[in-house]
>>> print(open('run.txt').read())   # compact mmCIF, C-alpha atoms
# COMPACT_ATOMS: atom_id res chain seq x y z
CA MET A 1 -35.08 -11.24 33.02
CA PRO A 2 -31.87 -9.63 31.61
CA LYS A 3 -31.95 -8.94 27.90
CA LYS A 4 -29.38 -10.43 25.53
CA ILE A 5 -27.47 -8.17 23.12
CA GLY A 6 -25.31 -9.29 20.22
CA MET A 7 -23.01 -7.06 18.20
CA ILE A 8 -21.53 -7.20 14.72
CA SER A 9 -18.72 -4.65 14.45
CA LEU A 10 -17.34 -3.88 10.99
CA GLY A 11 -14.54 -1.76 9.60
CA CYS A 12 -11.40 -0.40 11.19
CA PRO A 13 -9.84 -0.84 14.66
CA LYS A 14 -11.01 2.66 15.61
CA ASN A 15 -14.60 1.58 15.04
CA GLN A 16 -13.88 -1.59 17.03
CA VAL A 17 -12.82 0.52 20.03
CA ASP A 18 -16.15 2.40 19.77
CA ALA A 19 -17.93 -0.97 19.84
CA GLU A 20 -15.99 -2.10 22.93
CA LEU A 21 -16.94 1.08 24.78
CA MET A 22 -20.62 0.53 23.96
CA LEU A 23 -20.51 -3.14 24.98
CA ALA A 24 -18.99 -2.28 28.36
CA ARG A 25 -21.76 0.27 29.04
CA LEU A 26 -24.40 -2.29 28.14
CA ALA A 27 -22.82 -4.94 30.37
CA GLU A 28 -22.59 -2.45 33.27
CA ASN A 29 -26.30 -1.76 32.85
CA GLY A 30 -27.32 -5.39 33.19
CA TYR A 31 -27.49 -6.50 29.57
CA ILE A 32 -26.08 -9.93 28.71
CA ILE A 33 -23.50 -9.65 25.93
CA THR A 34 -23.21 -12.61 23.60
CA ASP A 35 -21.01 -13.51 20.60
CA GLU A 36 -23.96 -15.16 18.85
CA VAL A 37 -26.96 -13.47 17.24
CA ASP A 38 -29.31 -16.45 17.53
CA GLY A 39 -31.93 -15.71 20.13
CA VAL A 40 -30.75 -12.19 21.00
CA ASP A 41 -33.28 -9.59 22.06
CA ALA A 42 -31.39 -7.03 19.99
CA VAL A 43 -28.45 -7.00 17.60
CA ILE A 44 -26.28 -3.92 17.16
CA ILE A 45 -24.57 -3.56 13.78
CA ASN A 46 -21.66 -1.15 14.20
CA THR A 47 -21.05 -0.18 10.60
CA CYS A 48 -18.27 1.21 8.43
CA GLY A 49 -19.13 3.65 5.65
CA PHE A 50 -15.68 4.62 4.43
CA ILE A 51 -15.64 3.23 0.86
CA GLU A 52 -18.07 1.43 -1.44
CA ASP A 53 -17.00 -2.09 -0.44
CA ALA A 54 -17.42 -1.24 3.25
CA LYS A 55 -20.90 0.16 2.62
CA LYS A 56 -21.89 -2.98 0.74
CA GLU A 57 -20.64 -5.17 3.58
CA ALA A 58 -22.60 -3.12 6.12
CA ILE A 59 -25.81 -3.24 4.09
CA GLU A 60 -25.44 -6.98 3.52
CA ASN A 61 -25.11 -7.53 7.27
CA ILE A 62 -28.16 -5.35 7.96
CA LEU A 63 -30.22 -7.24 5.36
CA ASP A 64 -29.08 -10.59 6.80
CA MET A 65 -30.24 -9.50 10.26
CA ALA A 66 -33.53 -8.22 8.80
CA GLU A 67 -34.13 -11.69 7.37
CA LEU A 68 -33.34 -13.30 10.73
CA LYS A 69 -35.72 -10.82 12.38
CA LYS A 70 -38.51 -11.96 10.05
CA GLU A 71 -37.75 -15.56 11.02
CA GLY A 72 -37.88 -14.69 14.71
CA VAL A 73 -34.20 -15.54 15.26
CA VAL A 74 -33.25 -12.01 16.40
CA GLY A 75 -35.41 -9.39 18.06
CA LYS A 76 -34.59 -5.75 17.38
CA ILE A 77 -32.02 -4.25 14.98
CA ILE A 78 -29.94 -1.20 15.97
CA VAL A 79 -27.53 0.36 13.46
CA THR A 80 -24.57 2.42 14.73
CA GLY A 81 -21.23 3.57 13.30
CA CYS A 82 -20.11 5.45 10.21
CA LEU A 83 -22.85 4.28 7.84
CA ALA A 84 -25.50 5.38 10.35
CA GLU A 85 -23.81 8.76 10.70
CA ARG A 86 -23.30 9.26 6.98
CA TYR A 87 -26.69 8.10 5.68
CA ARG A 88 -28.93 9.03 8.57
CA GLU A 89 -31.77 10.19 6.30
CA GLU A 90 -31.86 7.16 4.01
CA ILE A 91 -31.29 4.09 6.21
CA LEU A 92 -34.70 3.77 7.88
CA LYS A 93 -36.50 4.62 4.65
CA GLU A 94 -34.59 1.98 2.68
CA ILE A 95 -34.62 -0.75 5.36
CA PRO A 96 -37.75 -0.36 7.53
CA GLU A 97 -36.89 -3.52 9.52
CA ILE A 98 -34.31 -1.43 11.42
CA ASP A 99 -35.58 -0.31 14.83
CA ALA A 100 -33.00 2.38 15.62
CA VAL A 101 -30.32 4.38 13.78
CA VAL A 102 -27.69 5.82 16.10
CA GLY A 103 -25.17 8.50 15.08
CA LEU A 104 -21.63 8.51 16.46
CA GLY A 105 -22.38 11.33 18.87
CA SER A 106 -25.11 9.22 20.51
CA ASN A 107 -22.99 6.14 21.22
CA GLY A 108 -22.86 7.20 24.86
CA ASP A 109 -26.65 6.82 25.04
CA ILE A 110 -26.64 3.23 23.77
CA CYS A 111 -28.17 1.82 26.99
CA ALA A 112 -31.09 4.25 26.91
CA ILE A 113 -31.59 3.55 23.19
CA CYS A 114 -31.68 -0.21 23.81
CA ASP A 115 -34.15 0.38 26.66
CA ARG A 116 -36.41 2.36 24.33
CA VAL A 117 -36.28 -0.14 21.49
CA LEU A 118 -36.79 -3.17 23.73
CA GLY A 119 -39.59 -1.26 25.43
CA GLY A 120 -41.50 -1.25 22.16
CA GLU A 121 -40.39 1.94 20.39
CA SER A 122 -39.49 1.72 16.71
CA ASN A 123 -38.09 4.13 14.12
CA VAL A 124 -35.77 5.59 16.76
CA GLU A 125 -33.28 8.07 15.30
CA THR A 126 -30.75 9.85 17.48
CA PHE A 127 -27.74 11.89 16.33
CA GLY A 128 -25.68 13.70 18.93
CA ASP A 129 -22.88 16.10 18.10
CA LYS A 130 -19.84 14.21 16.72
CA THR A 131 -17.67 15.68 19.48
CA CYS A 132 -19.82 13.80 22.01
CA LEU A 133 -18.52 10.42 20.79
CA PRO A 134 -17.09 8.72 23.92
CA LEU A 135 -13.32 8.28 23.71
CA SER A 136 -12.69 6.91 27.19
CA GLY A 137 -14.27 4.59 29.71
CA GLU A 138 -14.43 0.89 30.47
CA ARG A 139 -14.06 -1.38 27.41
CA LEU A 140 -15.25 -4.91 26.87
CA LEU A 141 -12.36 -6.17 24.73
CA THR A 142 -13.23 -8.07 21.57
CA THR A 143 -9.60 -8.76 20.60
CA PRO A 144 -7.66 -11.79 21.87
CA SER A 145 -6.52 -11.25 25.44
CA TRP A 146 -2.89 -10.47 24.57
CA PHE A 147 -3.43 -7.40 22.39
CA ALA A 148 -5.71 -4.37 22.31
CA TYR A 149 -6.14 -1.24 20.26
CA LEU A 150 -5.41 2.08 21.94
CA LYS A 151 -7.18 4.95 20.19
CA ILE A 152 -5.33 8.20 20.85
CA ALA A 153 -7.43 10.60 18.77
CA GLU A 154 -10.67 10.88 16.83
CA GLY A 155 -11.60 12.47 13.50
CA CYS A 156 -9.33 13.85 10.81
CA SER A 157 -8.33 17.31 9.58
CA ASN A 158 -6.26 16.27 6.56
CA HIS A 159 -9.19 16.60 4.11
CA CYS A 160 -7.81 14.34 1.39
CA THR A 161 -10.10 14.90 -1.58
CA TYR A 162 -11.11 11.21 -1.87
CA CYS A 163 -11.98 10.74 1.81
CA ALA A 164 -15.28 11.19 3.64
CA ILE A 165 -13.88 10.65 7.16
CA PRO A 166 -13.75 14.36 8.17
CA SER A 167 -17.43 14.78 7.24
CA ILE A 168 -18.38 11.55 9.03
CA ARG A 169 -16.25 11.78 12.18
CA GLY A 170 -15.39 15.47 12.39
CA GLU A 171 -12.10 17.31 12.78
CA PHE A 172 -9.06 15.77 14.44
CA ARG A 173 -9.14 15.87 18.23
CA SER A 174 -6.49 14.33 20.49
CA ARG A 175 -7.19 12.62 23.77
CA PRO A 176 -5.29 14.01 26.79
CA PRO A 177 -2.09 12.01 27.35
CA GLU A 178 -2.90 11.28 31.01
CA GLU A 179 -6.19 9.70 29.90
CA ILE A 180 -4.42 7.53 27.31
CA LEU A 181 -1.73 6.43 29.79
CA ALA A 182 -4.36 5.52 32.38
CA GLU A 183 -6.19 3.40 29.82
CA ALA A 184 -2.95 1.72 28.75
CA LYS A 185 -2.12 0.92 32.37
CA ASP A 186 -5.56 -0.65 32.81
CA LEU A 187 -5.17 -2.73 29.63
CA VAL A 188 -1.77 -4.03 30.75
CA ALA A 189 -3.23 -4.91 34.17
CA ARG A 190 -5.83 -6.99 32.31
CA GLY A 191 -3.11 -9.03 30.60
CA VAL A 192 -2.62 -7.09 27.36
CA LYS A 193 0.96 -7.44 26.12
CA GLU A 194 0.72 -5.64 22.78
CA LEU A 195 -0.75 -2.17 22.43
CA VAL A 196 -1.69 -1.15 18.89
CA VAL A 197 -1.80 2.66 18.82
CA VAL A 198 -4.39 3.96 16.33
CA ALA A 199 -5.91 7.21 15.08
CA GLN A 200 -6.81 8.43 11.62
CA ASP A 201 -3.37 10.09 11.59
CA THR A 202 -1.32 9.09 14.65
CA THR A 203 1.52 11.43 13.70
CA ARG A 204 -0.83 14.40 14.13
CA TYR A 205 -1.42 13.50 17.77
CA GLY A 206 -1.13 16.49 20.08
CA GLU A 207 -1.07 19.23 17.41
CA ASP A 208 -4.48 20.49 18.55
CA LEU A 209 -3.36 20.37 22.21
CA TYR A 210 0.19 21.73 22.02
CA GLY A 211 0.69 23.11 18.50
CA LYS A 212 3.10 20.29 17.63
CA SER A 213 3.11 16.50 17.49
CA ALA A 214 3.23 14.86 20.90
CA LEU A 215 3.40 11.29 19.55
CA PRO A 216 7.11 10.78 20.37
CA ALA A 217 6.57 11.84 24.00
CA LEU A 218 3.47 9.65 24.30
CA LEU A 219 5.27 6.60 22.90
CA LYS A 220 8.22 7.15 25.21
CA ALA A 221 5.87 7.27 28.22
CA LEU A 222 4.03 4.12 27.07
CA SER A 223 7.32 2.27 26.54
CA LYS A 224 8.22 2.68 30.23
CA MET A 225 5.20 0.68 31.40
CA GLU A 226 6.04 -2.72 32.86
CA GLY A 227 4.54 -5.71 31.06
CA ILE A 228 4.29 -4.30 27.52
CA GLU A 229 6.09 -6.52 25.01
CA TRP A 230 5.21 -4.52 21.90
CA ILE A 231 3.84 -1.06 21.14
CA ARG A 232 2.78 -0.87 17.51
CA VAL A 233 1.86 2.41 15.78
CA LEU A 234 -0.49 2.45 12.78
CA TYR A 235 -1.23 5.15 10.20
CA CYS A 236 1.73 7.56 10.20
CA TYR A 237 1.46 10.26 7.55
CA PRO A 238 4.74 10.58 5.61
CA GLU A 239 5.23 14.32 5.98
CA ARG A 240 4.88 14.10 9.77
CA ILE A 241 7.46 11.37 10.41
CA THR A 242 10.11 13.41 12.21
CA ASP A 243 13.67 12.69 13.34
CA GLU A 244 12.37 12.77 16.90
CA LEU A 245 9.81 10.05 16.16
CA LEU A 246 12.44 7.87 14.46
CA GLU A 247 14.78 8.31 17.42
CA VAL A 248 12.10 7.19 19.90
CA VAL A 249 11.20 4.12 17.82
CA ALA A 250 14.87 3.23 17.37
CA SER A 251 15.79 3.64 21.05
CA CYS A 252 12.84 1.91 22.78
CA ASP A 253 13.14 -1.88 22.68
CA ASN A 254 9.41 -2.54 23.08
CA ILE A 255 8.27 -0.19 20.30
CA ALA A 256 7.81 -2.30 17.17
CA LYS A 257 10.11 -1.28 14.32
CA TYR A 258 7.04 -1.19 12.11
CA PHE A 259 5.91 1.81 10.08
CA ASP A 260 2.44 1.84 8.54
CA ILE A 261 2.58 4.84 6.22
CA PRO A 262 -0.42 5.37 3.89
CA MET A 263 1.31 7.05 0.93
CA GLN A 264 -1.56 6.55 -1.59
CA HIS A 265 0.49 7.46 -4.68
CA ALA A 266 3.89 8.71 -5.87
CA ASP A 267 3.07 10.96 -8.82
CA ALA A 268 3.25 14.63 -7.77
CA GLY A 269 0.22 15.63 -9.86
CA VAL A 270 -1.98 12.84 -8.50
CA LEU A 271 -0.88 13.54 -4.92
CA LYS A 272 -1.67 17.24 -5.35
CA ALA A 273 -5.14 16.37 -6.68
CA MET A 274 -5.59 14.16 -3.61
CA ASN A 275 -4.61 17.13 -1.39
CA ARG A 276 -1.58 15.12 -0.29
CA LYS A 277 2.00 16.32 -0.03
CA GLY A 278 5.17 14.96 -1.61
CA ASP A 279 6.26 13.15 -4.74
CA LYS A 280 8.20 10.05 -5.74
CA GLU A 281 11.58 11.53 -4.75
CA SER A 282 10.52 12.80 -1.31
CA LEU A 283 8.73 9.54 -0.46
CA LEU A 284 11.73 7.43 -1.52
CA ALA A 285 13.95 9.70 0.57
CA LEU A 286 11.71 8.99 3.59
CA VAL A 287 11.94 5.21 3.02
CA GLU A 288 15.74 5.46 2.78
CA LYS A 289 15.90 7.65 5.89
CA ILE A 290 13.88 5.15 7.96
CA ARG A 291 16.01 2.21 6.82
CA ALA A 292 19.25 4.13 7.45
CA LYS A 293 18.15 4.89 11.01
CA ILE A 294 16.48 1.52 11.70
CA PRO A 295 17.92 -1.12 9.34
CA ASP A 296 15.47 -3.85 10.42
CA ALA A 297 12.39 -1.61 10.09
CA VAL A 298 9.33 -3.02 8.37
CA ILE A 299 7.59 -0.46 6.15
CA ARG A 300 4.00 -0.95 5.09
CA THR A 301 2.01 1.33 2.79
CA THR A 302 -1.33 1.56 1.02
CA LEU A 303 -1.80 2.86 -2.51
CA ILE A 304 -4.74 3.92 -4.67
CA THR A 305 -4.90 3.21 -8.41
CA GLY A 306 -7.26 4.90 -10.85
CA PHE A 307 -7.62 8.23 -9.07
CA PRO A 308 -9.24 10.80 -11.40
CA GLY A 309 -6.67 12.11 -13.86
CA GLU A 310 -4.19 9.28 -13.26
CA THR A 311 -2.53 9.08 -16.69
CA GLN A 312 -0.57 6.09 -17.92
CA GLU A 313 2.57 8.12 -17.23
CA ALA A 314 1.45 8.78 -13.63
CA PHE A 315 0.72 5.09 -13.17
CA GLU A 316 4.17 4.19 -14.48
CA THR A 317 5.64 6.61 -11.94
CA LEU A 318 3.78 4.66 -9.25
CA CYS A 319 5.11 1.35 -10.61
CA ASP A 320 8.69 2.70 -10.65
CA PHE A 321 8.18 3.90 -7.08
CA VAL A 322 7.03 0.49 -5.84
CA LYS A 323 10.02 -1.19 -7.51
CA ALA A 324 12.45 1.32 -5.98
CA ALA A 325 10.94 1.41 -2.48
CA GLN A 326 10.87 -2.40 -2.01
CA PHE A 327 8.13 -2.21 0.62
CA ASP A 328 7.89 -5.02 3.16
CA ARG A 329 4.08 -4.84 3.16
CA LEU A 330 1.71 -3.17 0.70
CA GLY A 331 -2.03 -2.96 0.09
CA CYS A 332 -3.46 -1.49 -3.10
CA PHE A 333 -7.05 -0.37 -3.69
CA ALA A 334 -8.90 0.79 -6.77
CA TYR A 335 -10.18 4.35 -6.30
CA SER A 336 -13.75 4.51 -5.00
CA PRO A 337 -15.64 7.76 -5.77
CA GLU A 338 -17.36 8.74 -2.53
CA GLU A 339 -20.35 11.03 -2.68
CA GLY A 340 -19.80 14.36 -1.00
CA THR A 341 -16.03 14.29 -1.57
CA PRO A 342 -14.27 16.71 -3.96
CA ALA A 343 -12.62 13.87 -5.91
CA ALA A 344 -15.98 12.40 -6.90
CA THR A 345 -16.69 15.49 -9.02
CA LEU A 346 -13.24 15.77 -10.62
CA PRO A 347 -12.97 15.43 -14.41
CA ASP A 348 -11.13 12.53 -16.05
CA GLN A 349 -12.66 9.75 -13.94
CA ILE A 350 -10.97 6.43 -14.76
CA ASP A 351 -12.83 3.41 -16.13
CA GLU A 352 -13.47 0.77 -13.44
CA ASP A 353 -11.71 -1.99 -15.41
CA VAL A 354 -8.60 0.18 -15.78
CA LYS A 355 -8.55 0.96 -12.03
CA GLN A 356 -8.77 -2.72 -11.14
CA GLU A 357 -6.22 -3.78 -13.74
CA ARG A 358 -3.70 -1.21 -12.50
CA GLY A 359 -4.26 -2.40 -8.93
CA GLU A 360 -3.56 -5.98 -9.99
CA VAL A 361 -0.34 -4.92 -11.72
CA ILE A 362 0.87 -3.26 -8.51
CA MET A 363 -0.04 -6.26 -6.33
CA GLU A 364 1.65 -8.74 -8.69
CA MET A 365 4.79 -6.61 -8.62
CA GLN A 366 4.62 -6.34 -4.83
CA TYR A 367 4.14 -10.08 -4.39
CA ARG A 368 7.46 -10.73 -6.14
CA ILE A 369 9.14 -8.09 -3.94
CA PHE A 370 7.53 -9.53 -0.82
CA GLU A 371 8.57 -13.09 -1.68
CA GLU A 372 12.18 -12.03 -2.11
CA ARG A 373 12.22 -9.99 1.11
CA ASN A 374 10.47 -12.78 2.99
CA ARG A 375 13.03 -15.36 1.84
CA ALA A 376 15.75 -13.14 3.30
CA ASN A 377 14.30 -14.03 6.74
CA ILE A 378 15.26 -17.70 6.45
CA GLY A 379 17.80 -18.51 9.15
CA LYS A 380 16.77 -15.56 11.34
CA ILE A 381 15.25 -15.85 14.81
CA PHE A 382 12.16 -13.77 15.64
CA LYS A 383 10.33 -13.12 18.88
CA THR A 384 6.84 -14.45 18.18
CA VAL A 385 3.52 -14.28 20.02
CA VAL A 386 1.62 -17.58 20.08
CA GLU A 387 -1.91 -17.05 18.70
CA GLY A 388 -3.18 -20.59 18.35
CA TYR A 389 -2.62 -24.25 17.49
CA ASP A 390 -3.63 -26.05 14.29
CA PRO A 391 -4.28 -29.76 15.01
CA TYR A 392 -4.34 -30.61 11.30
CA THR A 393 -0.71 -29.57 10.80
CA ASP A 394 0.32 -30.20 14.43
CA SER A 395 1.83 -26.74 14.57
CA TYR A 396 1.33 -23.41 16.26
CA PHE A 397 0.78 -20.07 14.55
CA GLY A 398 1.48 -16.53 15.63
CA ARG A 399 2.99 -13.16 14.68
CA THR A 400 6.33 -11.45 14.90
CA GLU A 401 7.00 -7.79 15.61
CA ARG A 402 6.96 -7.44 11.81
CA ASP A 403 3.26 -8.34 11.52
CA ALA A 404 0.27 -6.27 12.59
CA PRO A 405 -2.71 -8.25 13.89
CA GLU A 406 -5.49 -8.99 11.37
CA ILE A 407 -3.48 -7.32 8.57
CA ASP A 408 -0.22 -9.10 7.84
CA GLY A 409 1.00 -12.69 7.57
CA GLN A 410 1.72 -15.29 10.21
CA VAL A 411 4.48 -17.52 11.44
CA LYS A 412 3.67 -21.25 11.49
CA PHE A 413 5.98 -23.18 13.77
CA THR A 414 6.51 -26.36 15.72
CA CYS A 415 7.58 -26.79 19.32
CA GLY A 416 8.67 -29.78 21.38
CA TYR A 417 6.55 -28.74 24.36
CA GLU A 418 3.11 -27.25 24.98
CA LEU A 419 2.63 -23.54 24.38
CA HIS A 420 -0.23 -21.24 25.37
CA GLU A 421 -1.93 -18.41 23.51
CA GLY A 422 -0.41 -15.05 24.32
CA GLU A 423 2.97 -16.56 25.19
CA PHE A 424 6.10 -15.11 23.56
CA VAL A 425 8.73 -17.50 22.13
CA GLU A 426 11.81 -17.33 19.92
CA VAL A 427 11.25 -18.94 16.50
CA GLU A 428 13.93 -19.77 13.94
CA ILE A 429 12.71 -19.49 10.34
CA PHE A 430 13.59 -22.27 7.89
CA ASP A 431 11.07 -21.73 5.05
CA VAL A 432 8.37 -19.46 3.60
CA LEU A 433 4.91 -20.31 2.29
CA ASP A 434 3.11 -17.53 0.37
CA TYR A 435 2.82 -14.67 2.89
CA ASP A 436 3.76 -16.79 5.92
CA LEU A 437 7.03 -17.82 7.56
CA ILE A 438 7.69 -21.42 8.63
CA GLY A 439 9.87 -22.18 11.63
CA GLU A 440 10.46 -23.92 14.94
CA VAL A 441 10.89 -22.75 18.52
CA VAL A 442 14.53 -22.55 19.60
>>> encode(input="run.txt", output="structure tokens")
Amino acid sequence: MPKKIGMISLGCPKNQVDAELMLARLAENGYIITDEVDGVDAVIINTCGFIEDAKKEAIENILDMAELKKEGVVGKIIVTGCLAERYREEILKEIPEIDAVVGLGSNGDICAICDRVLGGESNVETFGDKTCLPLSGERLLTTPSWFAYLKIAEGCSNHCTYCAIPSIRGEFRSRPPEEILAEAKDLVARGVKELVVVAQDTTRYGEDLYGKSALPALLKALSKMEGIEWIRVLYCYPERITDELLEVVASCDNIAKYFDIPMQHADAGVLKAMNRKGDKESLLALVEKIRAKIPDAVIRTTLITGFPGETQEAFETLCDFVKAAQFDRLGCFAYSPEEGTPAATLPDQIDEDVKQERGEVIMEMQYRIFEERNRANIGKIFKTVVEGYDPYTDSYFGRTERDAPEIDGQVKFTCGYELHEGEFVEVEIFDVLDYDLIGEVV
């Protein structure tokens, strides 16, 4: 009798790709994959361990499954992902209900691990070398059929002082371009119309292979594939956005004019303490350069408030920066001191209330900017992918090129005829509601 496996995958799209690779291996080896956890022989919790909130979410999910295990609703519990890699010593000691803890380098052995656990073994711990993490192979997609993530590299070599990713996932390593293009071709053949290109730092792609960024060449090659409506690039580091990259994005119709640039701060002293480059002036110059080259570009960033040593003056520099930059999209997070990172031991740690309050100030400011920029879209027509239908409002919802899946807002729109998920239509905008656009198909 085939065994049933359920999976809960947490965290970023890169972790989601790891989950899809594991699920495909399990399915190939005769396991039944299910979306539900009720009645599964084993549940895999593919965790994130990046910041405190992500760790809490992972632990809560593990404890929920432990409770269901006691009740006989789920069988075995297997923990994979970043939390497993980062806290390999502690997890089994703290939560003895777990049957196996699997490091990133052992993801490729997931079938053998499931065999062992379902065969009666417990307290299984296996941690392969990080460089053994599978980056290619068949994937069982967990995204809607019309889009998929395309991971082009693993790890990170930037060593920002607040970040544990290099210690968890290892140094940056690019996938060979021919391997990426073959995977993209397979995804398009399966009906994927939007490729979301991800890595910890996409703009660093190819430096370890060729001594310089190969992202522009890779994007140009991807853009020539038949059937791709949108190619979206996430996580571009500001100092690596070159004229060549801007030219490729500007000249290829199916590359989304969307720049996700994690800037983190604008004060030179704070950025230096973060082991980041630049300052308010250089970052504003980059924003202006992108908009001069691509006037309809959408620029998204993420910021951190309350980094150790962030004075009131430094915070005001950040506020001035946000006002001047007029970002289309922005996320702001209170600094989280991560054990094992240099920033966690820096002097002048900021009080938690101050961190949160500063974050709220930034988000309130950004909401006013966003509302104004969003209202400027009234009367415009946007190509929109249909993602579903809401019977309560008798309207469809979807995304434009300006919106990354699972991150940004939506378009809610009506249509005089039936539409299908994954279909692309032209929508004229006539109103805005909070973070969403309201329109109708033309």
>>> closest_atom_pairs(input="run.txt", of="range 58-163 of chain A", to="range 422-441 of chain A", cutoff="10 Å", atoms="only C-alpha atoms", output="Markdown table")
| residue | atom | partner | partner_atom | distance |
| --- | --- | --- | --- | --- |
| A:Pro144 | CA | A:Gly422 | CA | 8.3 |
| A:Ser145 | CA | A:Gly422 | CA | 7.3 |
| A:Trp146 | CA | A:Gly422 | CA | 5.2 |
| A:Phe147 | CA | A:Gly422 | CA | 8.4 |
>>> axis_aligned_box(input="run.txt", around="range 53-71 of chain A", padding_each_side="6 Å", output="JSON")
{"center_x": -27.8, "center_y": -7.7, "center_z": 6.0, "size_x": 33.5, "size_y": 27.7, "size_z": 24.8}
>>> residues_near_point(input="run.txt", point="(-5.3, -4.9, 30.7)", cutoff="12 Å", atoms="only C-alpha atoms", output="PyMOL selection string")
chain A and resi 138-141+143-150+181-195+225-228
>>> atom_distance(input="run.txt", atom1="CA of Ala54 in chain A", atom2="CA of Leu83 in chain A")
9.0 Å
>>> residues_around(input="run.txt", residues="Pro342 in chain A", least_positions_apart="5", cutoff="9 Å", atoms="only C-alpha atoms", output="ChimeraX atom specification")
/A:160-163
>>> atom_distance(input="run.txt", atom1="CA of Arg240 in chain A", atom2="CA of Ala256 in chain A")
18.2 Å
>>> residues_around(input="run.txt", residues="Lys130 in chain A", least_positions_apart="6", cutoff="7 Å", atoms="all atoms listed in the file", output="PyMOL selection string")
chain A and resi 104-105+169-170
>>> atom_distance(input="run.txt", atom1="CA of Glu154 in chain A", atom2="CA of Ile290 in chain A")
26.7 Å
>>> closest_residue(input="run.txt", among="A:Ser282, A:Thr400, A:Ser106, A:Thr305", to="Met363 in chain A", atoms="all atoms listed in the file")
A:Thr305
>>> residues_around(input="run.txt", residues="Val101 in chain A", least_positions_apart="4", cutoff="12 Å", atoms="all atoms listed in the file", output="mmCIF file with C-alpha atoms, in the coordinates of the input")
data_model
loop_
_atom_site.group_PDB
_atom_site.id
_atom_site.type_symbol
_atom_site.label_atom_id
_atom_site.label_comp_id
_atom_site.auth_asym_id
_atom_site.auth_seq_id
_atom_site.Cartn_x
_atom_site.Cartn_y
_atom_site.Cartn_z
ATOM 1 C CA ILE A 44 -26.280 -3.920 17.160
ATOM 2 C CA ILE A 45 -24.570 -3.560 13.780
ATOM 3 C CA ASN A 46 -21.660 -1.150 14.200
ATOM 4 C CA THR A 47 -21.050 -0.180 10.600
ATOM 5 C CA ILE A 62 -28.160 -5.350 7.960
ATOM 6 C CA LYS A 76 -34.590 -5.750 17.380
ATOM 7 C CA ILE A 77 -32.020 -4.250 14.980
ATOM 8 C CA ILE A 78 -29.940 -1.200 15.970
ATOM 9 C CA VAL A 79 -27.530 0.360 13.460
ATOM 10 C CA THR A 80 -24.570 2.420 14.730
ATOM 11 C CA GLY A 81 -21.230 3.570 13.300
ATOM 12 C CA CYS A 82 -20.110 5.450 10.210
ATOM 13 C CA LEU A 83 -22.850 4.280 7.840
ATOM 14 C CA ALA A 84 -25.500 5.380 10.350
ATOM 15 C CA GLU A 85 -23.810 8.760 10.700
ATOM 16 C CA ARG A 86 -23.300 9.260 6.980
ATOM 17 C CA TYR A 87 -26.690 8.100 5.680
ATOM 18 C CA ARG A 88 -28.930 9.030 8.570
ATOM 19 C CA GLU A 89 -31.770 10.190 6.300
ATOM 20 C CA GLU A 90 -31.860 7.160 4.010
ATOM 21 C CA ILE A 91 -31.290 4.090 6.210
ATOM 22 C CA LEU A 92 -34.700 3.770 7.880
ATOM 23 C CA LYS A 93 -36.500 4.620 4.650
ATOM 24 C CA ILE A 95 -34.620 -0.750 5.360
ATOM 25 C CA PRO A 96 -37.750 -0.360 7.530
ATOM 26 C CA GLU A 97 -36.890 -3.520 9.520
ATOM 27 C CA GLY A 105 -22.380 11.330 18.870
ATOM 28 C CA SER A 106 -25.110 9.220 20.510
ATOM 29 C CA ASN A 107 -22.990 6.140 21.220
ATOM 30 C CA ILE A 110 -26.640 3.230 23.770
ATOM 31 C CA ILE A 113 -31.590 3.550 23.190
ATOM 32 C CA CYS A 114 -31.680 -0.210 23.810
ATOM 33 C CA VAL A 117 -36.280 -0.140 21.490
ATOM 34 C CA SER A 122 -39.490 1.720 16.710
ATOM 35 C CA ASN A 123 -38.090 4.130 14.120
ATOM 36 C CA VAL A 124 -35.770 5.590 16.760
ATOM 37 C CA GLU A 125 -33.280 8.070 15.300
ATOM 38 C CA THR A 126 -30.750 9.850 17.480
ATOM 39 C CA PHE A 127 -27.740 11.890 16.330
ATOM 40 C CA GLY A 128 -25.680 13.700 18.930
#
>>> residues_around(input="run.txt", residues="Val248 in chain A", least_positions_apart="4", cutoff="8 Å", atoms="all atoms listed in the file", output="ChimeraX atom specification")
/A:216,219-220,244,252
>>> write_last_selection(input="run.txt", atoms="C-alpha atoms", output="PDB file, in the frame of the given file")
ATOM      1  CA  PRO A 216       7.110  10.780  20.370  1.00  0.00           C
ATOM      2  CA  LEU A 219       5.270   6.600  22.900  1.00  0.00           C
ATOM      3  CA  LYS A 220       8.220   7.150  25.210  1.00  0.00           C
ATOM      4  CA  GLU A 244      12.370  12.770  16.900  1.00  0.00           C
ATOM      5  CA  CYS A 252      12.840   1.910  22.780  1.00  0.00           C
TER       6      CYS A 252
END
>>> closest_residue(input="run.txt", among="A:Asp35, A:Asp53, A:Glu179, A:Glu421", to="Phe333 in chain A", atoms="all atoms listed in the file")
A:Asp53
